[in-house]
>>> print(open('start.pdb').read())   # PDB, C-alpha atoms
ATOM      1  CA  MET A  73      80.649  81.154  92.599  1.00  0.00           C
ATOM      2  CA  SER A  74      84.226  82.337  92.630  1.00  0.00           C
ATOM      3  CA  HIS A  75      85.718  83.738  95.820  1.00  0.00           C
ATOM      4  CA  SER A  76      87.200  86.656  93.881  1.00  0.00           C
ATOM      5  CA  LYS A  77      83.696  87.946  93.132  1.00  0.00           C
ATOM      6  CA  HIS A  78      83.134  88.511  96.844  1.00  0.00           C
ATOM      7  CA  THR A  79      86.337  90.417  97.618  1.00  0.00           C
ATOM      8  CA  LYS A  80      86.753  94.138  97.167  1.00  0.00           C
ATOM      9  CA  ARG A  81      89.830  95.923  95.913  1.00  0.00           C
ATOM     10  CA  SER A  82      92.310  96.737  98.688  1.00  0.00           C
ATOM     11  CA  TYR A  83      90.668  94.154 100.945  1.00  0.00           C
ATOM     12  CA  SER A  84      92.704  91.680 102.943  1.00  0.00           C
ATOM     13  CA  LEU A  85      91.013  88.826 104.768  1.00  0.00           C
ATOM     14  CA  TYR A  86      93.963  88.659 107.157  1.00  0.00           C
ATOM     15  CA  ILE A  87      93.673  92.333 108.122  1.00  0.00           C
ATOM     16  CA  GLU A  88      89.868  92.419 108.308  1.00  0.00           C
ATOM     17  CA  LYS A  89      89.190  89.160 110.139  1.00  0.00           C
ATOM     18  CA  TRP A  90      92.268  87.600 111.727  1.00  0.00           C
ATOM     19  CA  ASP A  91      94.532  90.421 112.906  1.00  0.00           C
ATOM     20  CA  LYS A  92      92.512  93.587 113.420  1.00  0.00           C
ATOM     21  CA  SER A  93      95.393  95.187 115.324  1.00  0.00           C
ATOM     22  CA  ALA A  94      97.133  95.654 111.949  1.00  0.00           C
ATOM     23  CA  LYS A  95      94.574  98.340 111.056  1.00  0.00           C
ATOM     24  CA  LYS A  96      96.617 100.844 113.039  1.00  0.00           C
ATOM     25  CA  TYR A  97      99.112 100.796 110.162  1.00  0.00           C
ATOM     26  CA  ILE A  98      96.474 101.916 107.648  1.00  0.00           C
ATOM     27  CA  ASN A  99      96.431 105.662 106.980  1.00  0.00           C
ATOM     28  CA  THR A 100      93.302 107.419 105.742  1.00  0.00           C
ATOM     29  CA  CYS A 101      93.241 110.962 104.409  1.00  0.00           C
ATOM     30  CA  LYS A 102      90.691 113.075 106.309  1.00  0.00           C
ATOM     31  CA  ILE A 103      89.838 115.107 103.204  1.00  0.00           C
ATOM     32  CA  CYS A 104      89.478 112.657 100.298  1.00  0.00           C
ATOM     33  CA  GLY A 105      89.294 109.337 102.171  1.00  0.00           C
ATOM     34  CA  HIS A 106      92.173 107.732 100.269  1.00  0.00           C
ATOM     35  CA  ARG A 107      93.601 104.731 102.132  1.00  0.00           C
ATOM     36  CA  GLY A 108      97.153 103.460 102.166  1.00  0.00           C
ATOM     37  CA  TYR A 109      99.678 101.877 104.460  1.00  0.00           C
ATOM     38  CA  SER A 110     101.833 103.825 106.868  1.00  0.00           C
ATOM     39  CA  PRO A 111     105.500 104.291 105.897  1.00  0.00           C
ATOM     40  CA  VAL A 112     106.374 102.930 109.357  1.00  0.00           C
ATOM     41  CA  ILE A 113     106.093  99.367 108.091  1.00  0.00           C
ATOM     42  CA  GLU A 114     108.968  99.962 105.666  1.00  0.00           C
ATOM     43  CA  TYR A 115     111.476 100.683 108.444  1.00  0.00           C
ATOM     44  CA  GLU A 116     114.151  98.033 108.957  1.00  0.00           C
ATOM     45  CA  ASP A 117     113.264  97.392 112.591  1.00  0.00           C
ATOM     46  CA  PHE A 118     109.572  96.744 111.850  1.00  0.00           C
ATOM     47  CA  CYS A 119     109.900  93.193 110.482  1.00  0.00           C
ATOM     48  CA  THR A 120     111.539  91.710 113.551  1.00  0.00           C
ATOM     49  CA  ASP A 121     109.007  88.919 114.065  1.00  0.00           C
ATOM     50  CA  TRP A 122     106.772  86.803 111.829  1.00  0.00           C
ATOM     51  CA  LYS A 123     103.594  88.714 112.738  1.00  0.00           C
ATOM     52  CA  ASN A 124     104.998  92.017 111.498  1.00  0.00           C
ATOM     53  CA  GLU A 125     106.313  90.321 108.371  1.00  0.00           C
ATOM     54  CA  VAL A 126     102.792  89.105 107.576  1.00  0.00           C
ATOM     55  CA  ILE A 127     101.378  92.579 108.259  1.00  0.00           C
ATOM     56  CA  PHE A 128     103.970  94.115 105.909  1.00  0.00           C
ATOM     57  CA  TYR A 129     103.220  91.558 103.197  1.00  0.00           C
ATOM     58  CA  GLU A 130      99.429  91.960 103.399  1.00  0.00           C
ATOM     59  CA  LEU A 131      99.424  95.761 103.531  1.00  0.00           C
ATOM     60  CA  SER A 132     101.989  96.247 100.792  1.00  0.00           C
ATOM     61  CA  LYS A 133     100.129  93.760  98.604  1.00  0.00           C
ATOM     62  CA  THR A 134      96.722  95.423  98.917  1.00  0.00           C
ATOM     63  CA  LEU A 135      97.468  99.124  99.519  1.00  0.00           C
ATOM     64  CA  CYS A 136      99.923 101.745  98.337  1.00  0.00           C
ATOM     65  CA  LYS A 137     102.102 103.847 100.627  1.00  0.00           C
ATOM     66  CA  LEU A 138     100.349 106.936 102.004  1.00  0.00           C
ATOM     67  CA  GLU A 139     102.183 109.610 103.949  1.00  0.00           C
ATOM     68  CA  LEU A 140     100.042 112.039 105.950  1.00  0.00           C
ATOM     69  CA  ASP A 141     100.905 115.448 107.343  1.00  0.00           C
ATOM     70  CA  GLU A 142     100.146 116.654 110.880  1.00  0.00           C
ATOM     71  CA  LEU A 143      96.513 117.364 109.879  1.00  0.00           C
ATOM     72  CA  ASP A 144      96.054 113.815 108.485  1.00  0.00           C
ATOM     73  CA  ARG A 145      95.952 114.997 104.870  1.00  0.00           C
ATOM     74  CA  CYS A 146      97.586 113.274 101.913  1.00  0.00           C
ATOM     75  CA  LYS A 147     100.089 115.233  99.805  1.00  0.00           C
ATOM     76  CA  CYS A 148      97.551 116.049  97.065  1.00  0.00           C
ATOM     77  CA  CYS A 149      94.913 117.389  99.443  1.00  0.00           C
ATOM     78  CA  ALA A 150      97.484 119.337 101.457  1.00  0.00           C
ATOM     79  CA  LYS A 151      98.821 120.942  98.287  1.00  0.00           C
ATOM     80  CA  MET A 152      95.348 121.930  97.078  1.00  0.00           C
ATOM     81  CA  MET A 153      94.285 123.296 100.459  1.00  0.00           C
ATOM     82  CA  ASP A 154      97.518 125.257 100.873  1.00  0.00           C
ATOM     83  CA  ASN A 155      97.099 126.750  97.396  1.00  0.00           C
ATOM     84  CA  LEU A 156      93.524 127.805  98.219  1.00  0.00           C
ATOM     85  CA  SER A 157      94.572 129.511 101.425  1.00  0.00           C
ATOM     86  CA  ASN A 158      97.309 131.541  99.665  1.00  0.00           C
TER      87      ASN A 158
END
>>> encode(input="start.pdb", output="structure tokens")
Amino acid sequence: MSHSKHTKRSYSLYIEKWDKSAKKYINTCKICGHRGYSPVIEYEDFCTDWKNEVIFYELSKTLCKLELDELDRCKCCAKMMDNLSN
């Protein structure tokens, strides 16, 4: 059986099994549960060593960028919630 049949979308073997400390760079929206990587990994001073370069490569390959506000909401959820409260 093919290995690709056992892997899920947005799943990285490196992140899940080998370097679990990289999970701190994964953002999750508290409202809808959408997952993405933190914009922090795109800063110039992030890729200073090989470990961070691998983290950047794996996260940017499997996830999209997700910015969260101070309440840990994505832009779409924040916009909808703010419109409901007004």
>>> resolve_selection(input="start.pdb", expression="the PyMOL selection byres ((chain A and resi 107) around 9)", output="list in words")
Ser82, Ile98, Asn99, Thr100, Cys101, Gly105, His106, Gly108, Tyr109, Leu135, Cys136, Lys137 and Leu138 of chain A
>>> axis_aligned_box(input="start.pdb", around="range 148-154 of chain A", padding_each_side="8 Å", output="lines of an AutoDock Vina configuration file")
center_x = 96.6
center_y = 120.7
center_z = 99.3
size_x = 20.5
size_y = 25.2
size_z = 20.4
>>> atom_distance(input="start.pdb", atom1="CA of Glu130 in chain A", atom2="CA of Ala94 in chain A")
9.6 Å
>>> residues_around(input="start.pdb", residues="Glu114 in chain A", least_positions_apart="5", cutoff="12 Å", atoms="all atoms listed in the file", output="JSON, numbers by chain")
{"A": [97, 109, 119, 120, 124, 125, 127, 128, 129, 131, 132, 136, 137, 138, 139]}
>>> write_last_selection(input="start.pdb", atoms="C-alpha atoms", output="short mmCIF file (atom, residue, chain, number, x, y, z; two decimals), keeping the file's coordinate frame")
data_model
loop_
_atom_site.label_atom_id
_atom_site.label_comp_id
_atom_site.auth_asym_id
_atom_site.auth_seq_id
_atom_site.Cartn_x
_atom_site.Cartn_y
_atom_site.Cartn_z
CA TYR A 97 99.11 100.80 110.16
CA TYR A 109 99.68 101.88 104.46
CA CYS A 119 109.90 93.19 110.48
CA THR A 120 111.54 91.71 113.55
CA ASN A 124 105.00 92.02 111.50
CA GLU A 125 106.31 90.32 108.37
CA ILE A 127 101.38 92.58 108.26
CA PHE A 128 103.97 94.12 105.91
CA TYR A 129 103.22 91.56 103.20
CA LEU A 131 99.42 95.76 103.53
CA SER A 132 101.99 96.25 100.79
CA CYS A 136 99.92 101.74 98.34
CA LYS A 137 102.10 103.85 100.63
CA LEU A 138 100.35 106.94 102.00
CA GLU A 139 102.18 109.61 103.95
#
>>> atom_distance(input="start.pdb", atom1="CA of Asp141 in chain A", atom2="CA of Trp122 in chain A")
29.6 Å
>>> atom_distance(input="start.pdb", atom1="CA of Thr134 in chain A", atom2="CA of Met152 in chain A")
26.6 Å
>>> closest_residue(input="start.pdb", among="A:Lys102, A:Ala150, A:Arg145, A:Ile113", to="Val126 in chain A", atoms="only C-alpha atoms")
A:Ile113
>>> closest_residue(input="start.pdb", among="A:Ile103, A:Lys123, A:Val112, A:Phe118", to="Asp144 in chain A", atoms="all atoms listed in the file")
A:Ile103
